[in-house]
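Note sheet for the following structure.
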Amino acid sequence: GKNEYDLLVIGGGSGGLACAKEAAQFGRKVAVLDYVEPSPQGTAWGLGGTCVNVGCIPKKLMHQAALLGSALKDAQHYGWNISQPVHHTWSVMAQGVQNYVKSLNWGHRVQLQEKKVKYFNIKGSFSDPHTVRGLTKAGKETVVTADNIVIATGGRPKYPMHVAGALEYGITSDDLFWLKESPGKTLTPFVLNVSLECAGFLTGIGLDTTVMMRSVPLRGKICFTIQQQMASLVTEHMESYGTKFLKRCFPTKVEKLKSNRLQVTWKNADLNTEETDSFNTVMWAVGRAPDTKTLNLETIGVKTNSETGKIIVDASEATSVPHIYAIGDITEGRPELTPTAIAAGKLLAQRLFGQSSELMDYDNVPTTVFTPLEYGCVGLSEEAAVQRHGSDNIEVYHAYYKPLEFTVAERDVTQCYMKMVCLREREQRILGLHFIGPNAGEVIQGFALGIKCGATYPQMMKTVGIHPTCAEEVTKLHITKRSGLDATVTGC
């Protein structure tokens, strides 16, 4: 009756691998079960999860490719003699990115082997609370039993099934990063982080790119963090950068023409008209669904949110079934971010096997949207701060600024902006910091530590900035302040 493993992790993404490797450090017998279901277009990948294969890593590398294109334009203003026109070759970039991702896939397998973690490349489902069954690619059944089980299967992109032809002819981010040839003229309907980020780097490498947005940008990802005013500035910059936007529009049909181009029909809500255009690629970005369908959770009693499908957990990542836990994007109410999944996985393993009682702290987690002009933030949005504390108790410091590196190149600085949201009481604790500009992620990462430690506005003003940097401007936000909410859209 003894189970074979002390811990079984279902899902080989960032959180699951971190949990498994940490548990192995305590000398426990650990197994990881992972299987990648090919996308509707047939794209599949190796061990490492969304971040490594079809998320953060390839996205940041292609974002870098676009930044280099912008730097080539700037270089002429700084005296570099560069022949025009410059041309980008998608296949060269894609090969480099994909080769690096494959090296990470191999690295994860080697690490599991070194730490004596058993890896099963099978798609499994629960047959009882301690047992998972699955089939290998060859059709052989494998049964794995464990004292403790962690579900870390993450999510997969959704398709708008109400749009005719969406599934047959569209792709998602699961496919984009593995294309061997250029996607060409691209339409990405619905505006979440991934759609703006992908549209940004596609524009940056010279492709004709259109974003279709039915309502406000950046909805739904991390609603208490994302600031709608800042999101609007991001899209304004992208428009000036060359990305086209179809606002207040929603697609109704996708058809394949004889030329193999895709004809998209959409409704313009403002004009109440039907419009069409043809594209080489349509990339859907309508959100992600938790990857739980085949796990058989209802049979063993693991409770999920009926609306989102995500697993309900408590502060210790425990589900409704003793000894079954869940971490990462699969869990209800958690930010869909790689670093939080990794940290939660490690802490869970330490509580299970290392006599620790430390819980994951999900407050003041920094993040960045890697659009052409990056948007980084930590803490609460202004909307969320007002919702929690009331508008009379909030003080906001904000300023536009001019990055020095933009001056000689005569770049548009209209949307370079920052905002600090504070409590109005005498201490003026910082509730949120929002920054739009170059290297926003690097800027916010530094300030995140201070805000995590309870930094106040007076302390920030006593901080000496590094001159001349964009980050320095944050320490000079005494220039202007205001009270009240000025965002064009409130709430999430």
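Residues in the structure tokens are named by chain (A, B, ... in the order shown) and by number from 1 within that chain; ligands are numbered from 1 in the order shown.
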
Subject >> Residues near region 326-334 of chain A, cut-off 9 Å, only C-alpha atoms, skip fewer than 3 positions along chain, as an MDAnalysis selection string >> reply: chainID A and resid 14:16 149:155 222 289:292 304:305 308:313 317:319 337:338 340:342 344:345 348 362

Write the residues of the preceding selection, restricted to C-alpha atoms, as a CSV table (one decimal), in the first residue's frame.
```
chain,number,residue,atom,x,y,z
A,14,SER,CA,8.6,26.9,-14.3
A,15,GLY,CA,6.6,26.3,-11.1
A,16,GLY,CA,6.4,22.6,-11.3
A,149,ILE,CA,0.8,15.6,-5.6
A,150,VAL,CA,1.3,19.1,-7.0
A,151,ILE,CA,-0.7,20.3,-10.1
A,152,ALA,CA,1.2,22.8,-12.1
A,153,THR,CA,-0.2,22.4,-15.6
A,154,GLY,CA,-0.6,26.1,-16.4
A,155,GLY,CA,-2.9,27.3,-19.2
A,222,ILE,CA,-3.2,41.4,-13.5
A,289,ALA,CA,-7.8,28.6,-20.2
A,290,PRO,CA,-6.5,26.4,-17.4
A,291,ASP,CA,-5.1,23.1,-18.7
A,292,THR,CA,-7.3,20.8,-16.5
A,304,THR,CA,-12.4,24.6,-9.2
A,305,ASN,CA,-14.0,27.9,-10.0
A,308,THR,CA,-12.7,30.3,-14.8
A,309,GLY,CA,-12.0,26.6,-14.5
A,310,LYS,CA,-9.0,27.4,-12.2
A,311,ILE,CA,-8.2,25.4,-9.1
A,312,ILE,CA,-9.2,26.9,-5.8
A,313,VAL,CA,-6.4,26.9,-3.3
A,317,GLU,CA,-1.5,26.3,-2.1
A,318,ALA,CA,-3.6,23.4,-0.8
A,319,THR,CA,-6.6,22.3,-2.8
A,337,LEU,CA,3.7,35.2,-13.8
A,338,THR,CA,6.7,32.9,-14.0
A,340,THR,CA,5.6,33.8,-8.6
A,341,ALA,CA,5.1,30.2,-9.8
A,342,ILE,CA,8.8,29.4,-9.2
A,344,ALA,CA,5.5,29.4,-4.7
A,345,GLY,CA,6.8,26.0,-5.9
A,348,LEU,CA,5.7,24.6,-1.1
A,362,TYR,CA,1.7,37.7,-3.6
```

Subject >> In region 163-375 of chain A, DSSP strand (DSSP E) residues written as JSON, numbers by chain >> reply: {"A": [186, 187, 188, 189, 209, 210, 211, 212, 213, 244, 245, 246, 247, 249, 250, 251, 252, 253, 254, 255, 256, 262, 263, 264, 265, 266, 267, 268, 273, 274, 275, 276, 277, 278, 279, 281, 282, 288, 289, 290, 324, 325, 326, 367, 368, 369, 375]}

**OP:** Excluding region 470-478 of chain A and residues on its chain fewer than 2 positions from it, collect all residues at most 12 Å away from it, counting only C-alpha atoms, and give them as a ChimeraX atom specification.
**Re:** /A:376,395-406,416-422,433-447,456-468,480-482

Subject >> Near-Ser103 (chain A) list (12 Å; only C-alpha atoms; drop same-chain fewer than 4 positions) as a PyMOL selection string >> reply: chain A and resi 45-48+52-53+96-99+107-110

Deliver the residues from the most recent selection as a file, using all heavy atoms, as a JSON list (two decimals), in the first residue's frame.
```
[["chain", "number", "residue", "atom", "x", "y", "z"],
["A", 45, "TRP", "N", 6.34, 21.36, -28.36],
["A", 45, "TRP", "CA", 7.66, 21.77, -27.88],
["A", 45, "TRP", "C", 8.09, 20.87, -26.74],
["A", 45, "TRP", "O", 7.42, 19.90, -26.40],
["A", 45, "TRP", "CB", 7.64, 23.22, -27.44],
["A", 45, "TRP", "CG", 6.51, 23.55, -26.51],
["A", 45, "TRP", "CD1", 6.49, 23.41, -25.15],
["A", 45, "TRP", "CD2", 5.21, 24.05, -26.88],
["A", 45, "TRP", "NE1", 5.27, 23.79, -24.64],
["A", 45, "TRP", "CE2", 4.46, 24.19, -25.68],
["A", 45, "TRP", "CE3", 4.62, 24.39, -28.09],
["A", 45, "TRP", "CZ2", 3.16, 24.65, -25.67],
["A", 45, "TRP", "CZ3", 3.31, 24.85, -28.08],
["A", 45, "TRP", "CH2", 2.59, 24.99, -26.89],
["A", 46, "GLY", "N", 9.22, 21.17, -26.14],
["A", 46, "GLY", "CA", 9.80, 20.31, -25.12],
["A", 46, "GLY", "C", 9.53, 20.74, -23.70],
["A", 46, "GLY", "O", 8.67, 21.59, -23.44],
["A", 47, "LEU", "N", 10.29, 20.19, -22.77],
["A", 47, "LEU", "CA", 10.12, 20.42, -21.34],
["A", 47, "LEU", "C", 10.45, 21.86, -20.99],
["A", 47, "LEU", "O", 11.39, 22.45, -21.50],
["A", 47, "LEU", "CB", 11.05, 19.46, -20.58],
["A", 47, "LEU", "CG", 10.96, 19.46, -19.05],
["A", 47, "LEU", "CD1", 9.60, 18.99, -18.59],
["A", 47, "LEU", "CD2", 12.07, 18.56, -18.49],
["A", 48, "GLY", "N", 9.66, 22.44, -20.09],
["A", 48, "GLY", "CA", 9.96, 23.80, -19.63],
["A", 48, "GLY", "C", 8.74, 24.69, -19.50],
["A", 48, "GLY", "O", 8.80, 25.76, -18.91],
["A", 52, "VAL", "N", 9.30, 29.16, -21.07],
["A", 52, "VAL", "CA", 10.49, 28.77, -21.83],
["A", 52, "VAL", "C", 10.20, 28.64, -23.32],
["A", 52, "VAL", "O", 10.97, 29.10, -24.17],
["A", 52, "VAL", "CB", 11.07, 27.45, -21.29],
["A", 52, "VAL", "CG1", 12.08, 26.85, -22.26],
["A", 52, "VAL", "CG2", 11.72, 27.69, -19.94],
["A", 53, "ASN", "N", 9.07, 28.04, -23.65],
["A", 53, "ASN", "CA", 8.82, 27.63, -25.03],
["A", 53, "ASN", "C", 8.00, 28.59, -25.86],
["A", 53, "ASN", "O", 8.29, 28.80, -27.04],
["A", 53, "ASN", "CB", 8.12, 26.26, -25.01],
["A", 53, "ASN", "CG", 9.00, 25.17, -24.46],
["A", 53, "ASN", "OD1", 9.88, 24.66, -25.14],
["A", 53, "ASN", "ND2", 8.77, 24.79, -23.21],
["A", 96, "GLY", "N", 17.59, 31.23, -34.45],
["A", 96, "GLY", "CA", 18.38, 31.53, -33.26],
["A", 96, "GLY", "C", 17.58, 31.38, -31.98],
["A", 96, "GLY", "O", 18.03, 30.80, -30.99],
["A", 97, "VAL", "N", 16.36, 31.92, -32.00],
["A", 97, "VAL", "CA", 15.49, 31.85, -30.83],
["A", 97, "VAL", "C", 15.12, 30.40, -30.52],
["A", 97, "VAL", "O", 15.20, 29.94, -29.38],
["A", 97, "VAL", "CB", 14.21, 32.70, -31.03],
["A", 97, "VAL", "CG1", 13.21, 32.45, -29.92],
["A", 97, "VAL", "CG2", 14.57, 34.18, -31.10],
["A", 98, "GLN", "N", 14.71, 29.67, -31.56],
["A", 98, "GLN", "CA", 14.28, 28.29, -31.36],
["A", 98, "GLN", "C", 15.43, 27.39, -30.90],
["A", 98, "GLN", "O", 15.22, 26.48, -30.07],
["A", 98, "GLN", "CB", 13.65, 27.76, -32.65],
["A", 98, "GLN", "CG", 12.32, 28.44, -32.96],
["A", 98, "GLN", "CD", 11.88, 28.29, -34.41],
["A", 98, "GLN", "OE1", 12.41, 27.45, -35.15],
["A", 98, "GLN", "NE2", 10.93, 29.10, -34.84],
["A", 99, "ASN", "N", 16.62, 27.64, -31.40],
["A", 99, "ASN", "CA", 17.78, 26.85, -30.95],
["A", 99, "ASN", "C", 18.05, 27.08, -29.47],
["A", 99, "ASN", "O", 18.39, 26.15, -28.73],
["A", 99, "ASN", "CB", 19.02, 27.20, -31.77],
["A", 99, "ASN", "CG", 18.97, 26.59, -33.17],
["A", 99, "ASN", "OD1", 18.17, 25.71, -33.45],
["A", 99, "ASN", "ND2", 19.84, 27.08, -34.04],
["A", 107, "GLY", "N", 18.45, 21.38, -21.10],
["A", 107, "GLY", "CA", 19.01, 21.71, -19.78],
["A", 107, "GLY", "C", 18.09, 21.29, -18.65],
["A", 107, "GLY", "O", 18.56, 20.79, -17.61],
["A", 108, "HIS", "N", 16.79, 21.46, -18.82],
["A", 108, "HIS", "CA", 15.85, 21.05, -17.78],
["A", 108, "HIS", "C", 15.87, 19.53, -17.58],
["A", 108, "HIS", "O", 15.81, 19.05, -16.45],
["A", 108, "HIS", "CB", 14.43, 21.50, -18.14],
["A", 108, "HIS", "CG", 14.18, 22.96, -17.91],
["A", 108, "HIS", "ND1", 14.43, 23.57, -16.70],
["A", 108, "HIS", "CD2", 13.68, 23.93, -18.72],
["A", 108, "HIS", "CE1", 14.11, 24.85, -16.77],
["A", 108, "HIS", "NE2", 13.67, 25.10, -17.98],
["A", 109, "ARG", "N", 15.98, 18.80, -18.67],
["A", 109, "ARG", "CA", 16.02, 17.33, -18.56],
["A", 109, "ARG", "C", 17.29, 16.89, -17.84],
["A", 109, "ARG", "O", 17.26, 15.97, -17.01],
["A", 109, "ARG", "CB", 15.94, 16.69, -19.94],
["A", 109, "ARG", "CG", 14.61, 16.94, -20.65],
["A", 109, "ARG", "CD", 14.42, 16.10, -21.88],
["A", 109, "ARG", "NE", 14.30, 14.68, -21.55],
["A", 109, "ARG", "CZ", 13.83, 13.77, -22.38],
["A", 109, "ARG", "NH1", 13.43, 14.12, -23.59],
["A", 109, "ARG", "NH2", 13.76, 12.50, -22.03],
["A", 110, "VAL", "N", 18.40, 17.54, -18.15],
["A", 110, "VAL", "CA", 19.67, 17.21, -17.49],
["A", 110, "VAL", "C", 19.59, 17.51, -16.00],
["A", 110, "VAL", "O", 20.03, 16.71, -15.16],
["A", 110, "VAL", "CB", 20.82, 17.98, -18.15],
["A", 110, "VAL", "CG1", 22.10, 17.83, -17.31],
["A", 110, "VAL", "CG2", 21.06, 17.49, -19.57]]
```

**OP:** Please give the complete set of residues from region 249-434 of chain A that DSSP, run on the backbone, assigns to helix (DSSP H, G or I), formatted as a ChimeraX atom specification.
**Re:** /A:297-300,328-330,338-353,382-389,391-393,404-407

For N, CA and C atoms, I'd like the residues from the last selection saved as an mmCIF file, in the first residue's frame.
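After the write, selection-v2.cif holds the following:
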```
data_model
loop_
_atom_site.group_PDB
_atom_site.id
_atom_site.type_symbol
_atom_site.label_atom_id
_atom_site.label_comp_id
_atom_site.auth_asym_id
_atom_site.auth_seq_id
_atom_site.Cartn_x
_atom_site.Cartn_y
_atom_site.Cartn_z
ATOM 1 N N LEU A 297 -10.322 15.960 -12.367
ATOM 2 C CA LEU A 297 -10.327 16.558 -11.035
ATOM 3 C C LEU A 297 -11.650 16.363 -10.308
ATOM 4 N N GLU A 298 -12.746 16.409 -11.056
ATOM 5 C CA GLU A 298 -14.056 16.315 -10.394
ATOM 6 C C GLU A 298 -14.249 14.952 -9.727
ATOM 7 N N THR A 299 -13.631 13.908 -10.292
ATOM 8 C CA THR A 299 -13.785 12.563 -9.731
ATOM 9 C C THR A 299 -13.133 12.437 -8.360
ATOM 10 N N ILE A 300 -12.001 13.113 -8.164
ATOM 11 C CA ILE A 300 -11.297 12.993 -6.881
ATOM 12 C C ILE A 300 -11.671 14.109 -5.911
ATOM 13 N N GLY A 328 0.923 28.184 -9.580
ATOM 14 C CA GLY A 328 1.088 28.816 -10.883
ATOM 15 C C GLY A 328 -0.211 29.260 -11.517
ATOM 16 N N ASP A 329 -0.198 29.349 -12.843
ATOM 17 C CA ASP A 329 -1.325 29.898 -13.601
ATOM 18 C C ASP A 329 -2.616 29.098 -13.442
ATOM 19 N N ILE A 330 -2.502 27.867 -13.006
ATOM 20 C CA ILE A 330 -3.669 26.992 -12.871
ATOM 21 C C ILE A 330 -4.533 27.374 -11.677
ATOM 22 N N THR A 338 5.681 33.934 -14.216
ATOM 23 C CA THR A 338 6.665 32.877 -13.976
ATOM 24 C C THR A 338 7.350 32.980 -12.609
ATOM 25 N N PRO A 339 7.873 34.151 -12.221
ATOM 26 C CA PRO A 339 8.596 34.208 -10.937
ATOM 27 C C PRO A 339 7.731 33.847 -9.731
ATOM 28 N N THR A 340 6.438 34.192 -9.762
ATOM 29 C CA THR A 340 5.593 33.835 -8.621
ATOM 30 C C THR A 340 5.373 32.325 -8.570
ATOM 31 N N ALA A 341 5.231 31.690 -9.737
ATOM 32 C CA ALA A 341 5.068 30.233 -9.768
ATOM 33 C C ALA A 341 6.320 29.539 -9.240
ATOM 34 N N ILE A 342 7.487 30.031 -9.620
ATOM 35 C CA ILE A 342 8.755 29.443 -9.154
ATOM 36 C C ILE A 342 8.884 29.584 -7.643
ATOM 37 N N ALA A 343 8.649 30.793 -7.143
ATOM 38 C CA ALA A 343 8.771 31.031 -5.705
ATOM 39 C C ALA A 343 7.760 30.206 -4.921
ATOM 40 N N ALA A 344 6.506 30.150 -5.417
ATOM 41 C CA ALA A 344 5.473 29.371 -4.735
ATOM 42 C C ALA A 344 5.826 27.888 -4.714
ATOM 43 N N GLY A 345 6.391 27.387 -5.827
ATOM 44 C CA GLY A 345 6.778 25.977 -5.899
ATOM 45 C C GLY A 345 7.880 25.631 -4.916
ATOM 46 N N LYS A 346 8.884 26.497 -4.826
ATOM 47 C CA LYS A 346 9.984 26.253 -3.882
ATOM 48 C C LYS A 346 9.497 26.276 -2.443
ATOM 49 N N LEU A 347 8.680 27.274 -2.111
ATOM 50 C CA LEU A 347 8.190 27.395 -0.735
ATOM 51 C C LEU A 347 7.302 26.220 -0.364
ATOM 52 N N LEU A 348 6.501 25.750 -1.321
ATOM 53 C CA LEU A 348 5.651 24.598 -1.056
ATOM 54 C C LEU A 348 6.492 23.367 -0.732
ATOM 55 N N ALA A 349 7.543 23.130 -1.508
ATOM 56 C CA ALA A 349 8.422 21.984 -1.249
ATOM 57 C C ALA A 349 9.090 22.109 0.120
ATOM 58 N N GLN A 350 9.473 23.324 0.488
ATOM 59 C CA GLN A 350 10.108 23.542 1.790
ATOM 60 C C GLN A 350 9.134 23.291 2.938
ATOM 61 N N ARG A 351 7.861 23.641 2.733
ATOM 62 C CA ARG A 351 6.872 23.370 3.782
ATOM 63 C C ARG A 351 6.580 21.876 3.896
ATOM 64 N N LEU A 352 6.549 21.190 2.760
ATOM 65 C CA LEU A 352 6.241 19.764 2.768
ATOM 66 C C LEU A 352 7.371 18.924 3.357
ATOM 67 N N PHE A 353 8.612 19.295 3.036
ATOM 68 C CA PHE A 353 9.727 18.420 3.374
ATOM 69 C C PHE A 353 10.846 19.079 4.173
ATOM 70 N N GLU A 382 -3.632 52.845 -9.750
ATOM 71 C CA GLU A 382 -4.355 53.930 -9.102
ATOM 72 C C GLU A 382 -5.816 53.547 -8.872
ATOM 73 N N GLU A 383 -6.420 52.856 -9.848
ATOM 74 C CA GLU A 383 -7.803 52.428 -9.708
ATOM 75 C C GLU A 383 -7.974 51.517 -8.501
ATOM 76 N N ALA A 384 -7.057 50.544 -8.361
ATOM 77 C CA ALA A 384 -7.158 49.587 -7.258
ATOM 78 C C ALA A 384 -6.903 50.262 -5.917
ATOM 79 N N ALA A 385 -5.979 51.232 -5.893
ATOM 80 C CA ALA A 385 -5.695 51.947 -4.645
ATOM 81 C C ALA A 385 -6.921 52.725 -4.179
ATOM 82 N N VAL A 386 -7.595 53.381 -5.107
ATOM 83 C CA VAL A 386 -8.821 54.116 -4.774
ATOM 84 C C VAL A 386 -9.902 53.146 -4.296
ATOM 85 N N GLN A 387 -9.984 51.991 -4.962
ATOM 86 C CA GLN A 387 -10.987 50.996 -4.584
ATOM 87 C C GLN A 387 -10.763 50.482 -3.169
ATOM 88 N N ARG A 388 -9.487 50.305 -2.807
ATOM 89 C CA ARG A 388 -9.162 49.758 -1.485
ATOM 90 C C ARG A 388 -9.217 50.801 -0.384
ATOM 91 N N HIS A 389 -8.707 52.007 -0.652
ATOM 92 C CA HIS A 389 -8.507 52.992 0.408
ATOM 93 C C HIS A 389 -9.394 54.226 0.303
ATOM 94 N N SER A 391 -10.710 57.495 -2.514
ATOM 95 C CA SER A 391 -9.986 58.548 -3.243
ATOM 96 C C SER A 391 -9.426 59.625 -2.324
ATOM 97 N N ASP A 392 -10.080 59.880 -1.193
ATOM 98 C CA ASP A 392 -9.602 60.922 -0.284
ATOM 99 C C ASP A 392 -8.336 60.519 0.454
ATOM 100 N N ASN A 393 -8.008 59.255 0.417
ATOM 101 C CA ASN A 393 -6.829 58.774 1.146
ATOM 102 C C ASN A 393 -5.646 58.471 0.236
ATOM 103 N N LEU A 404 17.389 60.701 -21.972
ATOM 104 C CA LEU A 404 18.518 61.355 -22.621
ATOM 105 C C LEU A 404 18.868 60.689 -23.945
ATOM 106 N N GLU A 405 18.758 59.351 -23.989
ATOM 107 C CA GLU A 405 19.127 58.637 -25.208
ATOM 108 C C GLU A 405 18.183 58.913 -26.370
ATOM 109 N N PHE A 406 17.029 59.498 -26.092
ATOM 110 C CA PHE A 406 16.078 59.821 -27.155
ATOM 111 C C PHE A 406 16.342 61.184 -27.790
ATOM 112 N N THR A 407 17.155 62.022 -27.154
ATOM 113 C CA THR A 407 17.273 63.419 -27.577
ATOM 114 C C THR A 407 17.979 63.581 -28.919
#
```

Subject >> Which of A:Leu192, A:Met230, A:Leu61, A:Val144 sits closest to Tyr100 (chain A) [using only C-alpha atoms] >> reply: A:Leu61

Original post:
Quick one: residues within 12 Å of Phe250 (chain A), only C-alpha atoms counted, chain neighbours fewer than 3 positions away excluded, as a ChimeraX atom specification?
Top reply: /A:160,162-163,187-191,211-215,245-247,253-254,264-270,272-276,284,286

Original post:
For Leu202 (chain A), which residue among A:Leu135, A:Ala448, A:Ala71, A:Met283 is the nearest when counting only C-alpha atoms?
Top reply: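 So, comparing all the options, the nearest one is A:Met283.
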
**OP:** Could you check which of A:Arg426, A:Arg261, A:Lys116, A:Lys137 is closest to Val36 (chain A), using only C-alpha atoms?
**Re:**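 Answer, going by the shortest atom-to-atom distance: A:Lys137.
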
**OP:** Would you work out the distance separating CA of Ser91 (chain A) from CA of Leu262 (chain A), expressed in Å to one decimal?
**Re:** 21.7 Å

Original post:
Which is closest to Lys60 (chain A) among A:Val413, A:Val101, A:Cys377, A:Ile430, if we use only C-alpha atoms?
Top reply: A:Val101

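Of note, CA of Glu168 (chain A) and CA of Thr50 (chain A) are spaced 22.5 Å apart.
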
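For the residues A:Ile57, A:Gln111, A:Gln95, A:Met62, ranking by smallest atom-to-atom distance to Gln25 (chain A) using only C-alpha atoms places A:Gln111 first.
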
Original post:
So, counting only C-alpha atoms, which residue among A:Gln64, A:Thr243, A:Ser320, A:Ser39 is closest to Ile171 (chain A)?
Top reply: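 Of A:Gln64, A:Thr243, A:Ser320, A:Ser39, the one nearest Ile171 (chain A) is A:Ser39, counting only C-alpha atoms.
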
Subject >> Gln263 (chain A) environment, 12 Å, only C-alpha atoms, sequence neighbours closer than 2 positions dropped, as a ChimeraX atom specification >> reply: /A:164-166,169-170,185-187,251-261,265-266,275-282

Residues from last step as file, N, CA and C atoms, as an mmCIF file, in the first residue's frame:
```
data_model
loop_
_atom_site.group_PDB
_atom_site.id
_atom_site.type_symbol
_atom_site.label_atom_id
_atom_site.label_comp_id
_atom_site.auth_asym_id
_atom_site.auth_seq_id
_atom_site.Cartn_x
_atom_site.Cartn_y
_atom_site.Cartn_z
ATOM 1 N N ALA A 164 -16.533 32.346 -36.825
ATOM 2 C CA ALA A 164 -16.411 31.322 -37.863
ATOM 3 C C ALA A 164 -15.016 31.328 -38.471
ATOM 4 N N GLY A 165 -14.393 30.158 -38.542
ATOM 5 C CA GLY A 165 -13.059 30.035 -39.138
ATOM 6 C C GLY A 165 -11.913 30.330 -38.209
ATOM 7 N N ALA A 166 -12.200 30.712 -36.955
ATOM 8 C CA ALA A 166 -11.133 31.086 -36.026
ATOM 9 C C ALA A 166 -10.178 29.941 -35.757
ATOM 10 N N TYR A 169 -8.248 28.598 -39.194
ATOM 11 C CA TYR A 169 -7.290 29.433 -39.923
ATOM 12 C C TYR A 169 -6.409 30.317 -39.038
ATOM 13 N N GLY A 170 -6.742 30.425 -37.764
ATOM 14 C CA GLY A 170 -5.962 31.294 -36.899
ATOM 15 C C GLY A 170 -4.874 30.558 -36.147
ATOM 16 N N LYS A 185 1.781 40.065 -43.211
ATOM 17 C CA LYS A 185 0.780 41.011 -42.720
ATOM 18 C C LYS A 185 -0.091 40.303 -41.680
ATOM 19 N N THR A 186 -0.095 40.837 -40.458
ATOM 20 C CA THR A 186 -0.689 40.114 -39.341
ATOM 21 C C THR A 186 -1.782 40.931 -38.654
ATOM 22 N N LEU A 187 -2.851 40.253 -38.294
ATOM 23 C CA LEU A 187 -3.915 40.831 -37.471
ATOM 24 C C LEU A 187 -3.942 40.085 -36.148
ATOM 25 N N PRO A 251 -14.175 40.778 -34.494
ATOM 26 C CA PRO A 251 -14.263 39.921 -35.679
ATOM 27 C C PRO A 251 -15.501 39.031 -35.647
ATOM 28 N N THR A 252 -16.011 38.716 -36.809
ATOM 29 C CA THR A 252 -17.168 37.822 -36.920
ATOM 30 C C THR A 252 -16.886 36.594 -37.787
ATOM 31 N N LYS A 253 -15.867 36.694 -38.659
ATOM 32 C CA LYS A 253 -15.650 35.588 -39.596
ATOM 33 C C LYS A 253 -14.241 35.646 -40.183
ATOM 34 N N VAL A 254 -13.639 34.465 -40.380
ATOM 35 C CA VAL A 254 -12.349 34.347 -41.068
ATOM 36 C C VAL A 254 -12.514 33.327 -42.192
ATOM 37 N N GLU A 255 -12.140 33.722 -43.402
ATOM 38 C CA GLU A 255 -12.247 32.841 -44.558
ATOM 39 C C GLU A 255 -10.903 32.772 -45.274
ATOM 40 N N LYS A 256 -10.623 31.604 -45.875
ATOM 41 C CA LYS A 256 -9.378 31.446 -46.622
ATOM 42 C C LYS A 256 -9.644 31.682 -48.095
ATOM 43 N N LEU A 257 -8.864 32.604 -48.683
ATOM 44 C CA LEU A 257 -9.015 32.933 -50.099
ATOM 45 C C LEU A 257 -8.189 31.973 -50.958
ATOM 46 N N LYS A 258 -8.421 31.990 -52.260
ATOM 47 C CA LYS A 258 -7.657 31.132 -53.169
ATOM 48 C C LYS A 258 -6.172 31.466 -53.138
ATOM 49 N N SER A 259 -5.859 32.701 -52.799
ATOM 50 C CA SER A 259 -4.459 33.128 -52.718
ATOM 51 C C SER A 259 -3.782 32.654 -51.435
ATOM 52 N N ASN A 260 -4.562 31.941 -50.583
ATOM 53 C CA ASN A 260 -4.114 31.480 -49.264
ATOM 54 C C ASN A 260 -4.075 32.589 -48.218
ATOM 55 N N ARG A 261 -4.412 33.803 -48.604
ATOM 56 C CA ARG A 261 -4.559 34.870 -47.616
ATOM 57 C C ARG A 261 -5.860 34.654 -46.845
ATOM 58 N N THR A 265 -13.633 39.376 -41.555
ATOM 59 C CA THR A 265 -14.788 40.274 -41.513
ATOM 60 C C THR A 265 -15.021 40.685 -40.068
ATOM 61 N N TRP A 266 -15.246 41.976 -39.848
ATOM 62 C CA TRP A 266 -15.488 42.435 -38.486
ATOM 63 C C TRP A 266 -16.575 43.501 -38.438
ATOM 64 N N GLU A 275 -16.918 45.443 -41.980
ATOM 65 C CA GLU A 275 -15.725 45.758 -42.773
ATOM 66 C C GLU A 275 -14.903 44.496 -42.982
ATOM 67 N N THR A 276 -14.055 44.499 -44.006
ATOM 68 C CA THR A 276 -13.207 43.332 -44.290
ATOM 69 C C THR A 276 -11.815 43.784 -44.732
ATOM 70 N N ASP A 277 -10.861 42.902 -44.554
ATOM 71 C CA ASP A 277 -9.513 43.085 -45.088
ATOM 72 C C ASP A 277 -8.867 41.707 -45.107
ATOM 73 N N SER A 278 -7.783 41.574 -45.857
ATOM 74 C CA SER A 278 -7.102 40.276 -45.925
ATOM 75 C C SER A 278 -5.732 40.367 -45.275
ATOM 76 N N PHE A 279 -5.316 39.256 -44.683
ATOM 77 C CA PHE A 279 -4.055 39.170 -43.950
ATOM 78 C C PHE A 279 -3.368 37.845 -44.262
ATOM 79 N N ASN A 280 -2.064 37.805 -44.017
ATOM 80 C CA ASN A 280 -1.340 36.538 -44.130
ATOM 81 C C ASN A 280 -1.548 35.677 -42.894
ATOM 82 N N THR A 281 -1.653 36.330 -41.730
ATOM 83 C CA THR A 281 -1.754 35.615 -40.457
ATOM 84 C C THR A 281 -2.760 36.309 -39.553
ATOM 85 N N VAL A 282 -3.563 35.505 -38.876
ATOM 86 C CA VAL A 282 -4.439 36.009 -37.815
ATOM 87 C C VAL A 282 -4.028 35.309 -36.525
#
```

**OP:** Have a look at CA of Cys198 (chain A) and CA of Thr371 (chain A) and let me know their distance in Å, one decimal.
**Re:** 8.0 Å

**OP:** May I have the residues within 9 Å of Ser182 (chain A) as a PyMOL selection string, using only C-alpha atoms and disregarding those fewer than 4 positions away in the same chain?
**Re:** chain A and resi 89-91+94+207

Output file for the residues above (C-alpha atoms, as a PDB file, in the first residue's frame):
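What ended up in again-v3.pdb:
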```pdb
ATOM      1  CA  THR A  89      15.124  38.052 -42.106  1.00  0.00           C
ATOM      2  CA  TRP A  90      12.565  36.235 -39.962  1.00  0.00           C
ATOM      3  CA  SER A  91      14.039  32.769 -40.529  1.00  0.00           C
ATOM      4  CA  ALA A  94      13.493  32.363 -35.535  1.00  0.00           C
ATOM      5  CA  LEU A 207       5.807  43.773 -40.694  1.00  0.00           C
TER       6      LEU A 207
END
```
